[in-house]
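Asker: Okay, so here is query_17.cif, and as you'll see once you scroll down, it has mmCIF, C-alpha atoms and all ligand atoms.
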data_start
loop_
_atom_site.label_atom_id
_atom_site.label_comp_id
_atom_site.auth_asym_id
_atom_site.auth_seq_id
_atom_site.Cartn_x
_atom_site.Cartn_y
_atom_site.Cartn_z
CA MET W 1 12.75 19.78 0.93
CA THR W 2 13.26 18.53 -2.58
CA ALA W 3 11.15 16.09 -4.51
CA LYS W 4 12.58 12.60 -4.70
CA SER W 5 13.79 11.30 -8.05
CA ASN W 6 12.38 8.26 -9.82
CA GLU W 7 15.40 8.16 -12.13
CA GLY W 8 17.53 5.09 -11.98
CA SER W 9 14.52 2.87 -11.31
CA ALA W 10 15.71 -0.44 -12.68
CA PRO W 11 13.25 -2.86 -14.26
CA VAL W 12 14.46 -5.46 -11.75
CA ARG W 13 12.93 -3.60 -8.81
CA THR W 14 11.00 -6.23 -6.97
CA LEU W 15 7.51 -5.65 -5.78
CA PHE W 16 7.71 -7.32 -2.44
CA GLU W 17 10.76 -5.66 -0.96
CA PRO W 18 10.79 -2.67 1.40
CA VAL W 19 10.86 0.66 -0.39
CA ARG W 20 11.03 4.31 0.71
CA LEU W 21 8.15 6.71 0.32
CA GLY W 22 9.71 9.98 1.44
CA PRO W 23 10.58 9.57 5.12
CA ILE W 24 8.75 6.26 5.60
CA THR W 25 9.43 2.71 4.45
CA LEU W 26 6.68 0.57 2.94
CA LYS W 27 6.97 -3.21 2.87
CA ASN W 28 6.06 -3.42 -0.82
CA ARG W 29 4.88 -1.23 -3.69
CA ILE W 30 1.12 -1.83 -3.51
CA ILE W 31 -1.21 0.70 -1.88
CA LYS W 32 -4.93 0.30 -1.18
CA ALA W 33 -6.50 3.36 -2.85
CA ALA W 34 -9.21 5.43 -1.17
CA THR W 35 -12.72 4.00 -1.13
CA PHE W 36 -14.97 6.10 1.11
CA GLU W 37 -15.93 3.42 3.61
CA GLY W 38 -19.37 4.63 4.62
CA ALA W 39 -18.65 3.39 8.14
CA SER W 40 -18.43 6.60 10.17
CA PRO W 41 -21.99 7.41 11.26
CA LYS W 42 -22.24 11.14 12.00
CA GLY W 43 -18.46 11.31 11.59
CA ALA W 44 -17.52 8.82 14.32
CA VAL W 45 -14.86 6.17 13.72
CA SER W 46 -16.68 2.83 14.08
CA ASP W 47 -15.43 -0.69 14.78
CA GLU W 48 -16.53 -1.51 11.20
CA LEU W 49 -14.24 1.18 9.81
CA ILE W 50 -11.33 -0.21 11.82
CA ALA W 51 -12.11 -3.80 10.78
CA PHE W 52 -12.27 -2.73 7.11
CA HIS W 53 -8.71 -1.42 7.23
CA GLN W 54 -7.47 -4.24 9.42
CA ARG W 55 -8.56 -6.69 6.71
CA VAL W 56 -6.72 -4.77 4.00
CA ALA W 57 -3.61 -4.46 6.18
CA ALA W 58 -3.62 -8.17 7.02
CA GLY W 59 -4.18 -8.93 3.32
CA GLY W 60 -0.73 -7.79 2.26
CA ALA W 61 -1.03 -4.22 0.90
CA ALA W 62 1.81 -2.04 2.15
CA MET W 63 -0.46 0.87 3.01
CA THR W 64 -4.20 1.36 3.33
CA THR W 65 -5.84 4.72 2.63
CA VAL W 66 -8.59 5.92 4.97
CA ALA W 67 -11.13 7.96 3.04
CA TYR W 68 -12.34 10.44 3.08
CA LEU W 69 -11.36 12.75 5.96
CA ALA W 70 -12.74 16.27 5.68
CA VAL W 71 -10.71 19.18 6.99
CA SER W 72 -13.84 21.07 8.03
CA PRO W 73 -17.61 20.48 8.43
CA ASP W 74 -18.38 22.31 5.17
CA GLY W 75 -15.78 20.10 3.46
CA ARG W 76 -17.65 16.86 4.24
CA THR W 77 -19.25 15.02 1.36
CA ASP W 78 -22.16 14.50 3.74
CA ARG W 79 -22.75 14.48 7.47
CA HIS W 80 -21.47 10.90 7.84
CA CYS W 81 -17.93 11.91 7.03
CA VAL W 82 -15.12 12.19 9.60
CA VAL W 83 -13.94 15.76 10.23
CA LEU W 84 -10.28 15.96 11.20
CA GLY W 85 -10.83 18.05 14.33
CA ASP W 86 -9.19 17.32 17.69
CA GLU W 87 -12.16 15.13 18.69
CA ALA W 88 -11.42 12.70 15.82
CA VAL W 89 -7.91 11.87 17.06
CA PRO W 90 -8.66 9.11 19.63
CA GLY W 91 -10.88 7.10 17.22
CA LEU W 92 -8.41 7.45 14.37
CA ARG W 93 -5.57 6.45 16.72
CA ARG W 94 -7.42 3.17 17.41
CA LEU W 95 -7.63 2.66 13.66
CA THR W 96 -3.95 3.33 12.90
CA ASP W 97 -2.90 1.13 15.85
CA ALA W 98 -4.96 -1.73 14.40
CA VAL W 99 -3.50 -1.21 10.91
CA HIS W 100 0.05 -1.12 12.24
CA ALA W 101 -0.55 -4.25 14.31
CA ALA W 102 -1.73 -5.98 11.12
CA GLY W 103 1.54 -5.08 9.40
CA ALA W 104 0.72 -2.15 7.12
CA ALA W 105 1.08 1.63 7.06
CA ALA W 106 -1.91 3.98 7.11
CA SER W 107 -2.55 6.94 4.85
CA ALA W 108 -5.17 9.62 5.55
CA GLN W 109 -6.86 11.05 2.47
CA ILE W 110 -7.66 14.60 3.49
CA GLY W 111 -9.62 17.17 1.60
CA HIS W 112 -12.48 19.60 1.19
CA ALA W 113 -15.34 18.34 -0.95
CA GLY W 114 -16.21 21.82 -2.28
CA PRO W 115 -18.94 21.54 -4.92
CA VAL W 116 -19.19 17.76 -4.42
CA ALA W 117 -20.46 18.25 -0.84
CA ASN W 118 -24.11 17.46 -0.19
CA ALA W 119 -25.40 20.83 1.03
CA ARG W 120 -28.68 19.43 2.32
CA SER W 121 -26.99 16.77 4.41
CA ASN W 122 -24.31 19.17 5.71
CA ARG W 123 -26.90 21.93 6.27
CA ALA W 124 -24.38 24.38 4.81
CA ALA W 125 -23.98 25.71 1.27
CA SER W 126 -21.39 23.82 -0.76
CA LEU W 127 -18.35 25.88 -1.64
CA ALA W 128 -16.95 26.25 -5.13
CA PRO W 129 -14.50 28.55 -6.90
CA SER W 130 -17.48 30.24 -8.59
CA ARG W 131 -21.23 30.14 -7.96
CA ARG W 132 -23.02 27.32 -9.79
CA PHE W 133 -25.80 24.79 -9.44
CA SER W 134 -24.70 21.57 -7.78
CA PRO W 135 -26.10 18.16 -8.88
CA SER W 136 -28.43 18.18 -5.86
CA GLY W 137 -30.04 21.33 -7.27
CA THR W 138 -28.71 23.76 -4.67
CA LEU W 139 -26.57 26.80 -5.48
CA THR W 140 -22.95 26.70 -4.40
CA ARG W 141 -21.30 29.67 -2.69
CA ALA W 142 -18.14 31.14 -4.26
CA VAL W 143 -15.29 31.02 -1.74
CA SER W 144 -13.99 34.34 -0.47
CA ASP W 145 -10.37 35.29 0.28
CA ASP W 146 -11.22 34.70 3.95
CA ASP W 147 -12.47 31.18 3.13
CA ILE W 148 -9.20 30.43 1.32
CA GLY W 149 -7.19 31.52 4.38
CA ARG W 150 -9.49 29.60 6.73
CA ILE W 151 -9.49 26.41 4.64
CA THR W 152 -5.70 26.49 4.29
CA GLU W 153 -5.46 26.67 8.09
CA GLU W 154 -7.97 23.82 8.36
CA TYR W 155 -5.75 21.69 6.11
CA ARG W 156 -2.85 22.46 8.45
CA ARG W 157 -4.84 21.51 11.53
CA GLY W 158 -6.28 18.42 9.83
CA ALA W 159 -2.85 17.21 8.73
CA ALA W 160 -1.40 17.84 12.21
CA ASN W 161 -4.27 15.87 13.76
CA ALA W 162 -3.76 13.02 11.30
CA VAL W 163 -0.10 12.84 12.39
CA GLU W 164 -1.21 12.98 16.04
CA ALA W 165 -3.55 10.06 15.26
CA GLY W 166 -0.63 7.96 14.03
CA PHE W 167 -0.98 8.14 10.23
CA ASP W 168 2.20 7.46 8.25
CA CYS W 169 1.14 9.38 5.17
CA ILE W 170 -1.15 12.26 4.27
CA GLU W 171 -2.79 12.09 0.84
CA ILE W 172 -4.13 15.47 -0.27
CA HIS W 173 -7.15 15.15 -2.56
CA LEU W 174 -6.51 17.17 -5.72
CA GLY W 175 -8.89 15.19 -7.91
CA HIS W 176 -12.46 14.39 -8.88
CA ASN W 177 -13.56 18.06 -8.82
CA TYR W 178 -13.41 18.30 -5.04
CA LEU W 179 -12.60 21.87 -3.97
CA LEU W 180 -8.89 22.07 -4.92
CA SER W 181 -9.50 20.16 -8.15
CA ALA W 182 -12.43 22.51 -8.92
CA PHE W 183 -10.01 25.44 -8.60
CA LEU W 184 -7.81 23.84 -11.29
CA SER W 185 -10.74 23.42 -13.69
CA PRO W 186 -11.21 26.28 -16.17
CA LYS W 187 -14.87 25.23 -16.40
CA LEU W 188 -15.59 25.42 -12.66
CA ASN W 189 -13.20 28.26 -11.83
CA ARG W 190 -14.48 31.41 -13.52
CA ARG W 191 -12.79 33.80 -11.12
CA THR W 192 -11.06 36.92 -12.33
CA ASP W 193 -8.97 37.50 -9.18
CA GLN W 194 -5.57 36.01 -8.24
CA TRP W 195 -7.22 32.56 -7.74
CA GLY W 196 -8.63 32.25 -11.27
CA GLY W 197 -7.79 32.76 -14.95
CA SER W 198 -4.28 31.56 -15.90
CA LEU W 199 -3.05 28.11 -14.82
CA ALA W 200 -0.64 29.85 -12.42
CA ASN W 201 -3.60 31.56 -10.74
CA ARG W 202 -5.85 28.47 -10.66
CA ALA W 203 -2.92 26.50 -9.23
CA ARG W 204 -2.26 29.02 -6.43
CA PHE W 205 -4.73 27.65 -3.84
CA PRO W 206 -3.86 23.93 -4.35
CA ARG W 207 -0.12 24.73 -4.21
CA GLN W 208 -0.62 26.84 -1.10
CA VAL W 209 -2.42 23.94 0.62
CA VAL W 210 0.18 21.34 -0.39
CA SER W 211 3.00 23.54 0.95
CA ALA W 212 1.06 24.30 4.16
CA VAL W 213 0.53 20.58 4.81
CA ARG W 214 4.21 19.79 4.28
CA ASP W 215 5.13 22.72 6.46
CA VAL W 216 3.10 21.48 9.39
CA VAL W 217 4.03 17.77 9.19
CA GLY W 218 7.71 18.33 8.38
CA ASP W 219 9.59 15.12 7.64
CA LYS W 220 7.66 13.02 10.17
CA VAL W 221 5.32 11.45 7.62
CA ALA W 222 5.03 11.09 3.85
CA VAL W 223 2.88 13.56 1.92
CA THR W 224 1.30 12.57 -1.39
CA ALA W 225 -1.43 14.06 -3.57
CA LYS W 226 -4.09 12.41 -5.71
CA LEU W 227 -4.22 14.53 -8.84
CA ASN W 228 -6.59 14.57 -11.80
CA MET W 229 -4.75 14.09 -15.08
CA ALA W 230 -8.04 14.85 -16.87
CA ASP W 231 -11.50 15.75 -15.54
CA GLY W 232 -13.19 13.95 -18.45
CA VAL W 233 -15.45 17.00 -18.83
CA ALA W 234 -15.56 19.39 -21.80
CA GLY W 235 -13.88 22.64 -20.82
CA GLY W 236 -12.39 21.08 -17.68
CA PHE W 237 -8.81 20.30 -16.60
CA TRP W 238 -6.94 18.20 -19.18
CA MET W 239 -3.50 16.83 -19.91
CA ASP W 240 -2.25 20.03 -21.54
CA GLU W 241 -2.43 21.72 -18.12
CA SER W 242 -2.23 18.85 -15.65
CA VAL W 243 1.30 17.84 -16.68
CA GLU W 244 2.34 21.48 -16.35
CA PHE W 245 0.67 21.70 -12.94
CA ALA W 246 2.45 18.50 -11.83
CA ARG W 247 5.75 20.14 -12.83
CA LEU W 248 4.88 23.08 -10.57
CA LEU W 249 4.18 20.67 -7.70
CA GLU W 250 7.46 18.94 -8.37
CA SER W 251 9.36 22.22 -8.30
CA ASP W 252 7.66 23.17 -5.01
CA GLY W 253 9.25 20.01 -3.58
CA ALA W 254 6.58 19.44 -0.93
CA LEU W 255 5.37 16.02 -2.11
CA ASP W 256 6.90 12.57 -1.79
CA ALA W 257 4.76 11.09 -4.58
CA LEU W 258 1.86 11.84 -6.89
CA GLU W 259 -1.06 9.44 -7.42
CA LEU W 260 -2.60 9.87 -10.85
CA THR W 261 -6.35 9.80 -11.32
CA GLY W 262 -9.07 11.43 -13.44
CA GLY W 263 -12.80 12.08 -13.64
CA SER W 264 -15.38 14.21 -11.89
CA SER W 265 -17.63 13.18 -9.01
CA LEU W 266 -19.70 16.23 -10.01
CA SER W 267 -20.45 15.49 -13.62
CA ASN W 268 -18.63 12.41 -14.94
CA PRO W 269 -17.92 9.79 -12.26
CA MET W 270 -17.67 6.83 -14.65
CA TYR W 271 -14.55 8.39 -16.16
CA LEU W 272 -12.89 7.38 -12.87
CA PHE W 273 -14.08 3.81 -12.93
CA ARG W 274 -14.82 2.61 -16.48
CA GLY W 275 -16.96 -0.48 -16.91
CA GLU W 276 -20.66 -0.93 -16.17
CA ALA W 277 -22.65 2.09 -14.92
CA PRO W 278 -24.69 1.04 -11.85
CA ARG W 279 -27.66 3.31 -12.72
CA ARG W 280 -30.41 1.26 -11.10
CA GLU W 281 -28.47 0.75 -7.86
CA PHE W 282 -27.47 4.42 -7.74
CA ALA W 283 -31.08 5.58 -8.32
CA ALA W 284 -32.20 3.36 -5.42
CA THR W 285 -30.01 5.39 -3.02
CA LEU W 286 -31.75 8.68 -3.94
CA PRO W 287 -34.79 10.17 -2.19
CA ALA W 288 -37.99 9.58 -4.23
CA PRO W 289 -38.28 13.15 -5.64
CA LEU W 290 -34.74 13.00 -7.05
CA ARG W 291 -35.21 9.47 -8.43
CA ALA W 292 -37.60 10.65 -11.16
CA GLY W 293 -35.12 13.34 -12.24
CA PHE W 294 -32.29 10.79 -12.24
CA ARG W 295 -34.25 8.65 -14.74
CA VAL W 296 -33.95 11.59 -17.16
CA VAL W 297 -30.31 12.57 -16.58
CA GLY W 298 -28.92 9.26 -15.28
CA SER W 299 -27.52 8.01 -18.56
CA SER W 300 -25.61 11.22 -19.23
CA PHE W 301 -24.42 11.62 -15.59
CA LEU W 302 -23.34 7.96 -15.41
CA ARG W 303 -22.22 7.50 -19.00
CA GLU W 304 -20.26 4.33 -19.64
CA TYR W 305 -16.68 3.90 -20.76
CA PRO W 306 -15.30 0.49 -21.66
CA PHE W 307 -13.07 -1.04 -18.98
CA GLU W 308 -9.48 -1.85 -19.87
CA GLU W 309 -6.78 -3.12 -17.55
CA ALA W 310 -4.75 -0.12 -16.31
CA TYR W 311 -6.91 2.30 -18.29
CA PHE W 312 -5.03 5.41 -17.08
CA LEU W 313 -1.62 4.06 -18.12
CA PRO W 314 -1.36 5.96 -21.45
CA TYR W 315 -1.98 9.28 -19.65
CA ALA W 316 0.19 8.37 -16.66
CA ARG W 317 3.12 7.57 -18.98
CA GLN W 318 3.15 11.19 -20.07
CA PHE W 319 3.67 12.20 -16.44
CA LEU W 320 6.43 9.64 -16.13
CA ALA W 321 8.16 11.19 -19.13
CA ALA W 322 7.79 14.75 -17.81
CA LEU W 323 8.63 14.32 -14.11
CA THR W 324 11.33 12.88 -11.90
CA MET W 325 9.26 12.60 -8.71
CA PRO W 326 7.84 9.21 -7.66
CA LEU W 327 4.49 8.37 -9.25
CA ILE W 328 1.68 6.05 -8.19
CA LEU W 329 -0.22 4.36 -11.01
CA LEU W 330 -3.96 3.89 -10.36
CA GLY W 331 -7.02 2.86 -12.32
CA GLY W 332 -8.13 -0.61 -13.34
CA VAL W 333 -5.17 -2.54 -12.01
CA ASN W 334 -6.27 -6.12 -11.46
CA ARG W 335 -3.32 -8.27 -12.53
CA LEU W 336 0.07 -8.99 -11.03
CA ASP W 337 1.84 -8.67 -14.39
CA THR W 338 0.37 -5.16 -14.78
CA VAL W 339 1.93 -4.16 -11.47
CA GLU W 340 5.26 -5.75 -12.39
CA SER W 341 5.46 -4.01 -15.73
CA ALA W 342 4.33 -0.65 -14.29
CA VAL W 343 7.09 -0.83 -11.68
CA GLY W 344 9.50 -2.03 -14.35
CA GLU W 345 8.83 1.02 -16.49
CA GLY W 346 9.36 3.44 -13.60
CA PHE W 347 6.16 3.86 -11.54
CA SER W 348 7.25 3.72 -7.91
CA PHE W 349 3.95 2.35 -6.57
CA VAL W 350 0.64 0.98 -7.81
CA ALA W 351 -2.64 1.75 -6.06
CA MET W 352 -5.71 -0.48 -6.25
CA ALA W 353 -9.23 0.19 -5.01
CA ARG W 354 -11.87 -2.22 -6.34
CA ALA W 355 -9.55 -5.20 -6.70
CA LEU W 356 -8.94 -4.99 -2.94
CA LEU W 357 -12.59 -4.38 -2.10
CA ARG W 358 -13.31 -7.63 -3.91
CA GLU W 359 -10.36 -9.47 -2.29
CA PRO W 360 -8.69 -7.65 0.61
CA ASP W 361 -6.06 -10.43 0.73
CA LEU W 362 -5.20 -10.28 -2.99
CA VAL W 363 -1.71 -8.87 -2.43
CA SER W 364 -0.77 -11.64 -0.04
CA ARG W 365 -2.15 -14.22 -2.48
CA TRP W 366 0.04 -12.70 -5.20
CA GLU W 367 3.04 -12.70 -2.91
CA ARG W 368 2.49 -16.36 -2.01
CA GLY W 369 2.13 -17.22 -5.70
CA VAL W 370 -1.40 -18.63 -5.33
CA SER W 371 -2.98 -16.12 -7.74
CA ASP W 372 -1.90 -13.72 -10.45
CA ALA W 373 -5.13 -11.81 -11.14
CA GLY W 374 -8.01 -10.35 -9.16
CA LEU W 375 -11.65 -11.41 -9.29
CA CYS W 376 -13.23 -7.93 -9.55
CA ILE W 377 -15.48 -7.75 -12.64
CA HIS W 378 -15.78 -3.90 -12.70
CA CYS W 379 -19.56 -4.00 -12.33
CA ASN W 380 -19.25 -0.92 -10.11
CA LYS W 381 -22.12 -2.00 -7.92
CA CYS W 382 -19.88 -1.20 -4.92
CA MET W 383 -20.17 2.51 -5.81
CA PRO W 384 -23.66 3.05 -4.33
CA THR W 385 -22.74 1.01 -1.23
CA ILE W 386 -20.81 4.03 0.09
CA TYR W 387 -24.14 5.08 1.64
CA SER W 388 -24.63 1.84 3.56
CA GLY W 389 -21.16 0.45 4.30
CA THR W 390 -18.78 0.15 1.36
CA ARG W 391 -18.46 -3.40 0.13
CA CYS W 392 -18.14 -5.61 -2.92
CA VAL W 393 -21.62 -6.90 -3.71
CA LEU W 394 -20.18 -10.18 -4.99
CA VAL W 395 -18.78 -11.08 -1.60
CA GLY W 396 -21.35 -12.93 0.52
CA GLY W 397 -23.33 -10.87 3.05
CA ASN W 398 -21.90 -7.59 4.31
CA ALA W 399 -18.48 -9.04 3.72
CA SER W 400 -16.37 -5.96 4.05
CA HIS W 401 -17.69 -5.40 7.58
C1 LIG Y 501 -16.76 2.44 -3.52
C2 LIG Y 501 -15.70 3.41 -3.93
C3 LIG Y 501 -15.47 4.56 -3.16
C4 LIG Y 501 -14.47 5.46 -3.54
N1 LIG Y 501 -14.20 6.53 -2.73
C5 LIG Y 501 -13.15 7.35 -3.04
C6 LIG Y 501 -12.77 8.40 -2.16
O1 LIG Y 501 -13.32 8.57 -1.07
N2 LIG Y 501 -11.74 9.18 -2.54
C7 LIG Y 501 -11.08 9.00 -3.72
O2 LIG Y 501 -10.15 9.73 -4.03
N3 LIG Y 501 -11.41 8.01 -4.56
C8 LIG Y 501 -12.40 7.18 -4.24
N4 LIG Y 501 -12.72 6.13 -5.07
C9 LIG Y 501 -11.93 5.97 -6.33
C10 LIG Y 501 -10.77 5.00 -6.16
O3 LIG Y 501 -9.82 5.47 -5.22
C11 LIG Y 501 -10.05 4.78 -7.49
O4 LIG Y 501 -9.59 6.04 -7.92
C12 LIG Y 501 -10.95 4.16 -8.56
O5 LIG Y 501 -11.79 3.18 -8.01
C13 LIG Y 501 -10.10 3.53 -9.66
O6 LIG Y 501 -9.22 2.57 -9.13
P1 LIG Y 501 -9.51 0.98 -9.24
O7 LIG Y 501 -9.66 0.66 -10.68
O8 LIG Y 501 -8.31 0.35 -8.62
O9 LIG Y 501 -10.77 0.70 -8.49
C14 LIG Y 501 -13.70 5.21 -4.72
C15 LIG Y 501 -13.93 4.05 -5.46
C16 LIG Y 501 -14.91 3.16 -5.08
C17 LIG Y 501 -15.11 1.91 -5.90
S1 LIG Y 502 -18.90 -4.65 -6.64
FE1 LIG Y 502 -17.14 -6.03 -6.40
S2 LIG Y 502 -16.82 -6.93 -8.44
FE2 LIG Y 502 -18.16 -5.14 -8.70
S3 LIG Y 502 -16.70 -3.47 -9.15
FE3 LIG Y 502 -17.06 -3.42 -6.95
S4 LIG Y 502 -15.39 -4.65 -6.10
FE4 LIG Y 502 -15.49 -5.15 -8.28
#
Kindly transcribe the structure held in the file into structure tokens.

Answerer:
Amino acid sequence: MTAKSNEGSAPVRTLFEPVRLGPITLKNRIIKAATFEGASPKGAVSDELIAFHQRVAAGGAAMTTVAYLAVSPDGRTDRHCVVLGDEAVPGLRRLTDAVHAAGAAASAQIGHAGPVANARSNRAASLAPSRRFSPSGTLTRAVSDDDIGRITEEYRRGAANAVEAGFDCIEIHLGHNYLLSAFLSPKLNRRTDQWGGSLANRARFPRQVVSAVRDVVGDKVAVTAKLNMADGVAGGFWMDESVEFARLLESDGALDALELTGGSSLSNPMYLFRGEAPRREFAATLPAPLRAGFRVVGSSFLREYPFEEAYFLPYARQFLAALTMPLILLGGVNRLDTVESAVGEGFSFVAMARALLREPDLVSRWERGVSDAGLCIHCNKCMPTIYSGTRCVLVGGNASH
């Protein structure tokens, strides 16, 4: 299968007309980006999780992304994360049925958290390309060749189960220093075998997984990946290599589109978000012994970057120049004219996370011409709510549930 071309994208492409994403058709070009919903206690799909996505679907986005679905128990961020085993299929089927009935498509963000996993909560060592201390103070375990084979198979099984559950799209997580992103990072991947060293070697495991997922789902659903353009960490994965890696993905031809992100959930999360760092609210989610330590390291872990509308656009443009495959712009999109100009300059889709947490019906308001900008103020106080039911704190009560 060959990658689809974004060439010939005319500036007149309209936002609110049906458009192809690989084998599927979306009703418009706006996708709700992944926001771990914190509504799957002990990994079970809850009515709250379904209602969350129903609201987004009814609110006009073409596709909502369910996040985050782990391919194996040791790939969970913590124990309240859905694992894409056979037992998850009926609950997820209820969710995709509800999303479809509300008029949108459903994407499953699948991945392995690797070093970002909470080892204490999972009661299993976190996995990483090389042994290191994780932020929770535990030592990670370096993955073996057997782990790489096993995890690749788990991606296959997870993707097959997501299709069985009715998802229209599989989004493979290649960002934020989760396991596959950690393999790409020269800082986190210190291996000297065929999985480490040169970019070709560090890229081997992520490419193997992407091809395995495409292999198992065939042309039944779309397959995308969320890729870090830059980790935002000294010695990490940066533009010099990420554009080259994206070219390799394009030549493999397994993806229908690439969503462009950045940052590290391990050591620089605010690079993802920009805007205010919610240090006090984040500290309040930690157990008391860790809270004291967070007071010392909190300002470097959650260091602030100024928010700008579409803050990843300058980096994403370099991907647009280097690739022909469809690209999804993400990061700080809050205005209708930003979406229009991004599509006009060749991005096939735009993804939004916080703007749609704040107003799940924003896209329909844009389409009806009753608004042209979102109300999210980038305070990032929704970030720590992932532990108690993800929501915008400015919406009254537990509004996203
Ligand atoms: C509460 C919250 C939870 C998030 N969870 C995930 C996640 O599970 N997976 C992921 O790839 N990104 C996650 N993100 C990042 C978003 O997908 C997106 O990359 C980021 O918020 C920037 O986009 P925005 O400016 O449109 O919000 C999360 C963001 C927020 C605010
Ligand atoms: S809490 Fe609400 S306003 Fe603040 S960043 Fe999150 S979605 Fe936006």

Asker: As a list in words, please: the residues near stretch 305-320 of chain W (cut-off 6 Å, only C-alpha atoms, same-chain neighbours under 3 positions excluded).

Answerer: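 Non-adjacent residues within range: Arg274, Gly275, Leu323, Gly331, Gly332 and Val333 of chain W.
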
Asker: Counting only C-alpha atoms and all ligand atoms, which residues of chain W sit at most 9 Å from some atom of ligand LIG 502 (chain Y), and what is each one's closest atom pair with its distance in Å to one decimal, listed by chain and rising residue number, as JSON lines?

Answerer:
{"residue": "W:Phe273", "atom": "CA", "partner": "Y:LIG502", "partner_atom": "S3", "distance": 8.6}
{"residue": "W:Gly275", "atom": "CA", "partner": "Y:LIG502", "partner_atom": "S3", "distance": 8.3}
{"residue": "W:Glu276", "atom": "CA", "partner": "Y:LIG502", "partner_atom": "S3", "distance": 8.5}
{"residue": "W:Ala353", "atom": "CA", "partner": "Y:LIG502", "partner_atom": "S4", "distance": 7.9}
{"residue": "W:Arg354", "atom": "CA", "partner": "Y:LIG502", "partner_atom": "S4", "distance": 4.3}
{"residue": "W:Ala355", "atom": "CA", "partner": "Y:LIG502", "partner_atom": "S4", "distance": 5.9}
{"residue": "W:Leu356", "atom": "CA", "partner": "Y:LIG502", "partner_atom": "S4", "distance": 7.2}
{"residue": "W:Leu357", "atom": "CA", "partner": "Y:LIG502", "partner_atom": "S4", "distance": 4.9}
{"residue": "W:Arg358", "atom": "CA", "partner": "Y:LIG502", "partner_atom": "S4", "distance": 4.2}
{"residue": "W:Glu359", "atom": "CA", "partner": "Y:LIG502", "partner_atom": "S4", "distance": 7.9}
{"residue": "W:Leu375", "atom": "CA", "partner": "Y:LIG502", "partner_atom": "S2", "distance": 6.9}
{"residue": "W:Cys376", "atom": "CA", "partner": "Y:LIG502", "partner_atom": "FE4", "distance": 3.8}
{"residue": "W:Ile377", "atom": "CA", "partner": "Y:LIG502", "partner_atom": "S2", "distance": 4.5}
{"residue": "W:His378", "atom": "CA", "partner": "Y:LIG502", "partner_atom": "S3", "distance": 3.7}
{"residue": "W:Cys379", "atom": "CA", "partner": "Y:LIG502", "partner_atom": "FE2", "distance": 4.1}
{"residue": "W:Asn380", "atom": "CA", "partner": "Y:LIG502", "partner_atom": "S3", "distance": 3.7}
{"residue": "W:Lys381", "atom": "CA", "partner": "Y:LIG502", "partner_atom": "S1", "distance": 4.4}
{"residue": "W:Cys382", "atom": "CA", "partner": "Y:LIG502", "partner_atom": "S1", "distance": 4.0}
{"residue": "W:Met383", "atom": "CA", "partner": "Y:LIG502", "partner_atom": "FE3", "distance": 6.8}
{"residue": "W:Thr385", "atom": "CA", "partner": "Y:LIG502", "partner_atom": "S1", "distance": 8.7}
{"residue": "W:Arg391", "atom": "CA", "partner": "Y:LIG502", "partner_atom": "S1", "distance": 6.9}
{"residue": "W:Cys392", "atom": "CA", "partner": "Y:LIG502", "partner_atom": "FE1", "distance": 3.6}
{"residue": "W:Val393", "atom": "CA", "partner": "Y:LIG502", "partner_atom": "S1", "distance": 4.6}
{"residue": "W:Leu394", "atom": "CA", "partner": "Y:LIG502", "partner_atom": "FE1", "distance": 5.3}
{"residue": "W:Val395", "atom": "CA", "partner": "Y:LIG502", "partner_atom": "FE1", "distance": 7.2}

Asker: So which one's closest to W:Arg156, W:His173, W:Arg214, W:Arg207, W:Arg29? Using all atoms listed in the file, please.

Answerer: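 The shortest atom-to-atom distance to W:Arg156 comes from W:Arg214.
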
Asker: From the list W:Phe237, W:Phe349, W:Trp195, W:Tyr271, which residue is nearest ligand LIG 501 (chain Y) when using all atoms listed in the file?

Answerer: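 Smallest distance to ligand LIG 501 (chain Y) is found for W:Tyr271.
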
Asker: What does the structure give for the distance between atom CA of W:Lys226 and atom CA of W:Arg365, in Å to one decimal?

Answerer: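 Calculated distance between atom CA of W:Lys226 and atom CA of W:Arg365 is 26.9 Å.
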
Asker: Hey, what's within 10 Å of W:Leu302 if we count only C-alpha atoms and toss same-chain stuff fewer than 2 positions away? As a short mmCIF file (atom, residue, chain, number, x, y, z; two decimals) with C-alpha atoms, in the coordinates of the input, please?

Answerer:
data_model
loop_
_atom_site.label_atom_id
_atom_site.label_comp_id
_atom_site.auth_asym_id
_atom_site.auth_seq_id
_atom_site.Cartn_x
_atom_site.Cartn_y
_atom_site.Cartn_z
CA SER W 267 -20.45 15.49 -13.62
CA ASN W 268 -18.63 12.41 -14.94
CA PRO W 269 -17.92 9.79 -12.26
CA MET W 270 -17.67 6.83 -14.65
CA TYR W 271 -14.55 8.39 -16.16
CA GLU W 276 -20.66 -0.93 -16.17
CA ALA W 277 -22.65 2.09 -14.92
CA PRO W 278 -24.69 1.04 -11.85
CA ARG W 279 -27.66 3.31 -12.72
CA PHE W 282 -27.47 4.42 -7.74
CA PHE W 294 -32.29 10.79 -12.24
CA VAL W 297 -30.31 12.57 -16.58
CA GLY W 298 -28.92 9.26 -15.28
CA SER W 299 -27.52 8.01 -18.56
CA SER W 300 -25.61 11.22 -19.23
CA GLU W 304 -20.26 4.33 -19.64
CA TYR W 305 -16.68 3.90 -20.76
#

Asker: So how many Å separate atom C8 of ligand LIG 501 (chain Y) and atom CA of W:Pro73, to one decimal?

Answerer: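 Rounded to one decimal, the two atoms are 19.1 Å apart.
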
Asker: Give me the residues within 9 Å of W:Leu249 as JSON, numbers by chain, counting all atoms listed in the file and dropping any in the same chain fewer than 4 places off.

Answerer: {"W": [3, 207, 210, 244, 245, 253, 254, 255]}
